[in-house]
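Below: work.csv (CSV, C-alpha atoms)
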chain,number,residue,atom,x,y,z
A,216,ASP,CA,24.9,6.0,-3.5
A,217,TRP,CA,22.2,3.9,-5.1
A,218,LEU,CA,19.4,6.4,-4.2
A,219,GLU,CA,21.5,9.3,-5.4
A,220,SER,CA,22.0,7.6,-8.8
A,221,GLN,CA,18.3,6.7,-9.0
A,222,LEU,CA,17.4,10.3,-8.5
A,223,GLU,CA,20.0,11.5,-11.0
A,224,ASP,CA,17.5,11.9,-13.8
A,225,GLY,CA,15.6,14.6,-11.9
A,226,ARG,CA,12.6,12.5,-10.8
A,227,ALA,CA,11.0,13.8,-7.7
A,228,PHE,CA,10.4,10.4,-6.1
A,229,LEU,CA,12.0,7.0,-6.4
A,230,LEU,CA,9.6,5.7,-9.0
A,231,GLY,CA,8.7,8.9,-10.8
A,232,ALA,CA,6.8,12.1,-10.3
A,233,LYS,CA,4.5,11.0,-7.5
A,234,PRO,CA,5.4,9.4,-4.1
A,235,GLY,CA,4.7,5.8,-3.6
A,236,LEU,CA,5.4,2.8,-1.4
A,237,ALA,CA,9.0,2.7,-2.4
A,238,ASP,CA,9.5,6.2,-1.0
A,239,PHE,CA,7.9,5.5,2.3
A,240,ALA,CA,9.6,2.1,2.8
A,241,THR,CA,12.9,3.7,2.1
A,242,TYR,CA,12.5,7.0,3.9
A,243,HIS,CA,11.6,5.5,7.2
A,244,SER,CA,15.1,3.9,7.5
A,245,ILE,CA,16.8,7.2,6.9
A,246,TRP,CA,14.4,9.0,9.2
A,247,PHE,CA,15.1,6.5,11.9
A,248,LEU,CA,18.8,6.8,11.6
A,249,LYS,CA,18.7,10.6,11.6
A,250,SER,CA,16.3,10.7,14.5
A,251,TYR,CA,18.0,8.2,16.8
A,252,TYR,CA,21.6,8.4,15.7
A,253,PRO,CA,22.1,12.0,14.5
A,254,PRO,CA,25.7,11.4,13.3
A,255,ALA,CA,24.2,9.1,10.6
A,256,GLY,CA,22.8,12.2,9.0
A,257,ASP,CA,26.3,13.1,8.0
A,258,LEU,CA,26.2,10.1,5.6
A,259,LEU,CA,23.8,12.2,3.5
A,260,GLU,CA,26.1,15.1,3.1
A,261,PRO,CA,27.6,14.1,-0.2
A,262,HIS,CA,24.2,13.2,-1.6
A,263,PRO,CA,22.2,16.4,-2.4
A,264,ARG,CA,19.5,14.6,-4.4
A,265,VAL,CA,18.8,12.2,-1.6
A,266,ARG,CA,18.7,15.1,0.9
A,267,ALA,CA,16.2,17.0,-1.3
A,268,TRP,CA,14.2,13.8,-1.8
A,269,CYS,CA,14.1,13.3,2.0
A,270,GLU,CA,12.7,16.9,2.4
A,271,ARG,CA,10.0,16.1,-0.3
A,272,VAL,CA,9.0,12.9,1.5
A,273,LYS,CA,9.0,14.7,4.9
A,274,ALA,CA,6.8,17.5,3.5
A,275,ILE,CA,4.1,14.9,2.8
A,276,GLY,CA,3.5,14.8,6.5
A,277,HIS,CA,1.5,12.4,8.6
A,278,GLY,CA,-2.1,13.3,7.8
A,279,ARG,CA,-4.5,14.2,10.5
A,280,SER,CA,-5.8,11.9,13.1
A,281,THR,CA,-9.2,12.3,14.8
A,282,PRO,CA,-9.3,11.1,18.4
A,283,MET,CA,-12.3,9.0,19.3
A,284,GLU,CA,-13.4,6.7,22.0
A,285,ARG,CA,-12.9,2.9,21.6
A,286,LYS,CA,-16.7,2.4,21.6
A,287,GLU,CA,-17.2,4.8,18.7
A,288,ALA,CA,-14.4,3.2,16.7
A,289,LEU,CA,-15.9,-0.3,17.2
A,290,GLU,CA,-19.4,1.0,16.1
A,291,ILE,CA,-17.9,2.5,12.9
A,292,ALA,CA,-16.2,-0.8,12.2
A,293,LYS,CA,-19.4,-2.8,12.8
A,294,ALA,CA,-21.4,-0.5,10.4
A,295,SER,CA,-18.7,-0.9,7.7
A,296,ARG,CA,-18.5,-3.6,5.1
A,297,PRO,CA,-15.3,-5.1,3.6
A,298,GLU,CA,-14.4,-3.9,0.1
A,299,THR,CA,-12.1,-6.7,-0.8
A,300,THR,CA,-13.5,-8.6,-3.7
A,301,PRO,CA,-12.9,-12.3,-4.3
A,302,ALA,CA,-10.2,-13.2,-6.8
A,303,VAL,CA,-8.9,-16.5,-8.0
A,304,ASP,CA,-5.1,-16.6,-8.2
A,305,PRO,CA,-4.3,-18.8,-11.3
A,306,GLY,CA,-0.8,-19.4,-9.9
A,307,GLU,CA,-2.0,-20.5,-6.4
A,308,PRO,CA,0.4,-23.5,-5.7
A,309,ASN,CA,-1.9,-25.1,-3.2
A,310,GLY,CA,-5.1,-24.8,-5.2
A,311,TRP,CA,-6.8,-22.5,-2.7
A,312,LYS,CA,-9.8,-20.7,-4.1
A,313,PRO,CA,-12.3,-18.1,-2.8
A,314,GLY,CA,-14.8,-19.7,-0.5
A,315,ASP,CA,-12.4,-22.3,0.9
A,316,ARG,CA,-12.4,-22.5,4.7
A,317,VAL,CA,-8.8,-22.0,5.9
A,318,LEU,CA,-6.7,-21.4,9.0
A,319,VAL,CA,-3.9,-18.8,8.8
A,320,LEU,CA,-1.1,-18.8,11.4
A,321,ALA,CA,2.4,-17.4,11.7
A,322,ASP,CA,5.2,-19.9,10.8
A,323,ASP,CA,7.5,-18.9,13.7
A,324,TYR,CA,5.8,-17.7,16.9
A,325,GLY,CA,2.4,-16.5,17.9
A,326,ARG,CA,0.9,-19.5,16.2
A,327,ASP,CA,-2.7,-18.7,17.1
A,328,PRO,CA,-4.7,-19.9,14.1
A,329,ILE,CA,-7.2,-17.4,12.5
A,330,ALA,CA,-10.1,-19.2,10.8
A,331,GLY,CA,-12.0,-17.7,8.0
A,332,GLU,CA,-13.2,-18.0,4.4
A,333,LEU,CA,-10.6,-17.4,1.7
A,334,VAL,CA,-11.4,-14.2,-0.3
A,335,ARG,CA,-8.2,-13.9,-2.3
A,336,SER,CA,-4.6,-15.1,-2.4
A,337,SER,CA,-1.5,-14.2,-4.3
A,338,ALA,CA,2.3,-14.7,-3.9
A,339,GLN,CA,2.3,-11.7,-1.6
A,340,GLU,CA,-0.9,-12.0,0.5
A,341,ILE,CA,-3.7,-14.1,1.8
A,342,ALA,CA,-7.0,-12.5,2.7
A,343,ILE,CA,-9.7,-14.2,4.7
A,344,ARG,CA,-13.3,-13.2,5.6
A,345,ARG,CA,-14.3,-13.7,9.2
A,346,SER,CA,-16.9,-12.5,11.7
A,347,ASP,CA,-16.1,-10.9,15.0
A,348,PRO,CA,-18.7,-10.2,17.6
A,349,LEU,CA,-17.4,-6.7,18.2
A,350,VAL,CA,-16.9,-5.5,14.7
A,351,GLY,CA,-19.0,-7.8,12.5
A,352,GLU,CA,-17.7,-9.0,9.1
A,353,VAL,CA,-14.0,-8.2,8.4
A,354,VAL,CA,-11.5,-9.3,5.8
A,355,VAL,CA,-8.1,-9.8,7.4
A,356,HIS,CA,-5.0,-9.5,5.1
A,357,PHE,CA,-1.8,-11.4,5.9
A,358,PRO,CA,1.5,-11.3,4.1
A,359,ARG,CA,2.1,-14.6,2.4
A,360,ALA,CA,5.7,-14.8,3.6
A,361,GLY,CA,5.9,-15.8,7.3
A,362,PHE,CA,2.4,-17.4,7.4
A,363,LEU,CA,1.1,-20.9,6.9
A,364,VAL,CA,-2.3,-21.6,5.3
A,365,MET,CA,-4.1,-24.8,5.9
A,366,ARG,CA,-7.6,-26.2,5.4
A,367,ALA,CA,-9.8,-25.5,8.4
A,368,PRO,CA,-11.5,-28.6,10.0
A,369,SER,CA,-15.1,-29.1,8.8
If you convert what's in this file into structure tokens, what do you get?
Amino acid sequence: DWLESQLEDGRAFLLGAKPGLADFATYHSIWFLKSYYPPAGDLLEPHPRVRAWCERVKAIGHGRSTPMERKEALEIAKASRPETTPAVDPGEPNGWKPGDRVLVLADDYGRDPIAGELVRSSAQEIAIRRSDPLVGEVVVHFPRAGFLVMRAPS
């Protein structure tokens, strides 16, 4: 009902004329239900705008993948350079700033710490630069929720 009313004004996608993250994040749940529990598709029957929106999102497709060997993928990664630029978050509650050496680890399970140099942080993410022998320099992005950040030992 909420989606139907949101699309009531004639917009093509949830936030306007173009598809965005909100569409993909919402669509996957409906796709999952329709794919793995077909009777759930009946829930959409009284919602013509949602059904039409589903068809528009589905028509976007999945893009095209290009198969490649593991070695080739690692070579491409090693020849690439991260594009993430350092940024100071003025609202950073812990005072982290680009260049700080940090450890990032999950706060529930899989607590293997990942060490690196802070590139940027926000309320939503933490990004650290690290070097890997197989792929060279990378910037790893973590969601802020569900992860701990602490100063790395010197």
**Request:** Around the point (-9.5, -25.7, -1.6), in the coordinates given by the file, pick out the residues reaching within 12 Å, counting all atoms listed in the file, and return them as a list in words.
**Result:**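 Those residues, ordered by chain and then number, are Val303, Glu307, Pro308, Asn309, Gly310, Trp311, Lys312, Pro313, Gly314, Asp315, Arg316, Val317, Leu318, Glu332, Leu333, Val334, Arg335, Ser336, Val364, Met365, Arg366 and Ala367 of chain A.
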**Message:** Taking (-18.0, -12.1, 8.5) as a centre in this file's frame and 12 Å as the limit, can you find every polymer residue with an atom that close, using only C-alpha atoms, and give them as a ChimeraX atom specification?
**Reply:** /A:293,295-297,330-334,343-355
**Request:** Select, from A:Pro358, A:Pro234, A:Pro305, A:Pro254, the residue with the minimum atom-to-atom distance to Ile275 (chain A), counting all atoms listed in the file.
**Result:**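 Comparing A:Pro358, A:Pro234, A:Pro305, A:Pro254 against Ile275 (chain A), the winner is A:Pro234.
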**Prompt:** When you draw a straight line from CA of Pro253 (chain A) to CA of Val272 (chain A), how long is it in Å?
**Reply:** 18.5 Å
**Asked** So, counting all atoms listed in the file, which residue among A:Ala342, A:Phe228, A:Ala360, A:Lys286 is closest to Pro301 (chain A)?
**Response** A:Ala342
**Shell of 12 Å around Glu270 (chain A), all atoms listed in the file, local chain residues under 4 positions omitted, as a list in words** =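 That gives Ala227, Phe228, Asp238, Tyr242, Ile245, Trp246, Pro263, Arg264, Val265, Arg266, Ala274, Ile275 and Gly276 of chain A.
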**Message:** What does the structure give for the distance between CA of Leu320 (chain A) and CA of Leu236 (chain A), in Å to one decimal?
**Reply:**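 Between these atoms lies a distance of 25.9 Å.
Neighbouring residues of Leu248 (chain A) at 12 Å or closer, counting all atoms listed in the file and skipping chain neighbours under 6 positions away, are Thr241, Tyr242, Pro254, Ala255, Gly256, Asp257, Leu258 and Leu259 of chain A.
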Please produce region 253-264 of chain A, completed to N, CA and C atoms, as a PDB file, in the frame of the given file.
ATOM      1  N   PRO A 253      21.890  10.797  15.325  1.00  0.00           N
ATOM      2  CA  PRO A 253      22.100  12.000  14.500  1.00  0.00           C
ATOM      3  C   PRO A 253      23.409  11.966  13.653  1.00  0.00           C
ATOM      4  N   PRO A 254      24.541  11.398  14.132  1.00  0.00           N
ATOM      5  CA  PRO A 254      25.700  11.400  13.300  1.00  0.00           C
ATOM      6  C   PRO A 254      25.481  10.673  11.924  1.00  0.00           C
ATOM      7  N   ALA A 255      24.489   9.783  11.875  1.00  0.00           N
ATOM      8  CA  ALA A 255      24.200   9.100  10.600  1.00  0.00           C
ATOM      9  C   ALA A 255      23.743  10.054   9.545  1.00  0.00           C
ATOM     10  N   GLY A 256      23.170  11.186   9.961  1.00  0.00           N
ATOM     11  CA  GLY A 256      22.800  12.200   9.000  1.00  0.00           C
ATOM     12  C   GLY A 256      23.917  12.716   8.171  1.00  0.00           C
ATOM     13  N   ASP A 257      25.123  12.648   8.719  1.00  0.00           N
ATOM     14  CA  ASP A 257      26.300  13.100   8.000  1.00  0.00           C
ATOM     15  C   ASP A 257      26.548  12.232   6.735  1.00  0.00           C
ATOM     16  N   LEU A 258      26.032  11.009   6.753  1.00  0.00           N
ATOM     17  CA  LEU A 258      26.200  10.100   5.600  1.00  0.00           C
ATOM     18  C   LEU A 258      25.506  10.715   4.355  1.00  0.00           C
ATOM     19  N   LEU A 259      24.512  11.576   4.581  1.00  0.00           N
ATOM     20  CA  LEU A 259      23.800  12.200   3.500  1.00  0.00           C
ATOM     21  C   LEU A 259      24.458  13.388   2.881  1.00  0.00           C
ATOM     22  N   GLU A 260      25.440  13.893   3.570  1.00  0.00           N
ATOM     23  CA  GLU A 260      26.100  15.100   3.100  1.00  0.00           C
ATOM     24  C   GLU A 260      26.525  15.112   1.673  1.00  0.00           C
ATOM     25  N   PRO A 261      27.190  14.061   1.205  1.00  0.00           N
ATOM     26  CA  PRO A 261      27.600  14.100  -0.200  1.00  0.00           C
ATOM     27  C   PRO A 261      26.527  13.699  -1.205  1.00  0.00           C
ATOM     28  N   HIS A 262      25.276  13.625  -0.738  1.00  0.00           N
ATOM     29  CA  HIS A 262      24.200  13.200  -1.600  1.00  0.00           C
ATOM     30  C   HIS A 262      23.056  14.226  -1.647  1.00  0.00           C
ATOM     31  N   PRO A 263      23.232  15.300  -2.407  1.00  0.00           N
ATOM     32  CA  PRO A 263      22.200  16.400  -2.400  1.00  0.00           C
ATOM     33  C   PRO A 263      20.880  15.957  -2.956  1.00  0.00           C
ATOM     34  N   ARG A 264      20.844  15.027  -3.907  1.00  0.00           N
ATOM     35  CA  ARG A 264      19.500  14.600  -4.400  1.00  0.00           C
ATOM     36  C   ARG A 264      18.770  13.798  -3.371  1.00  0.00           C
TER      37      ARG A 264
END
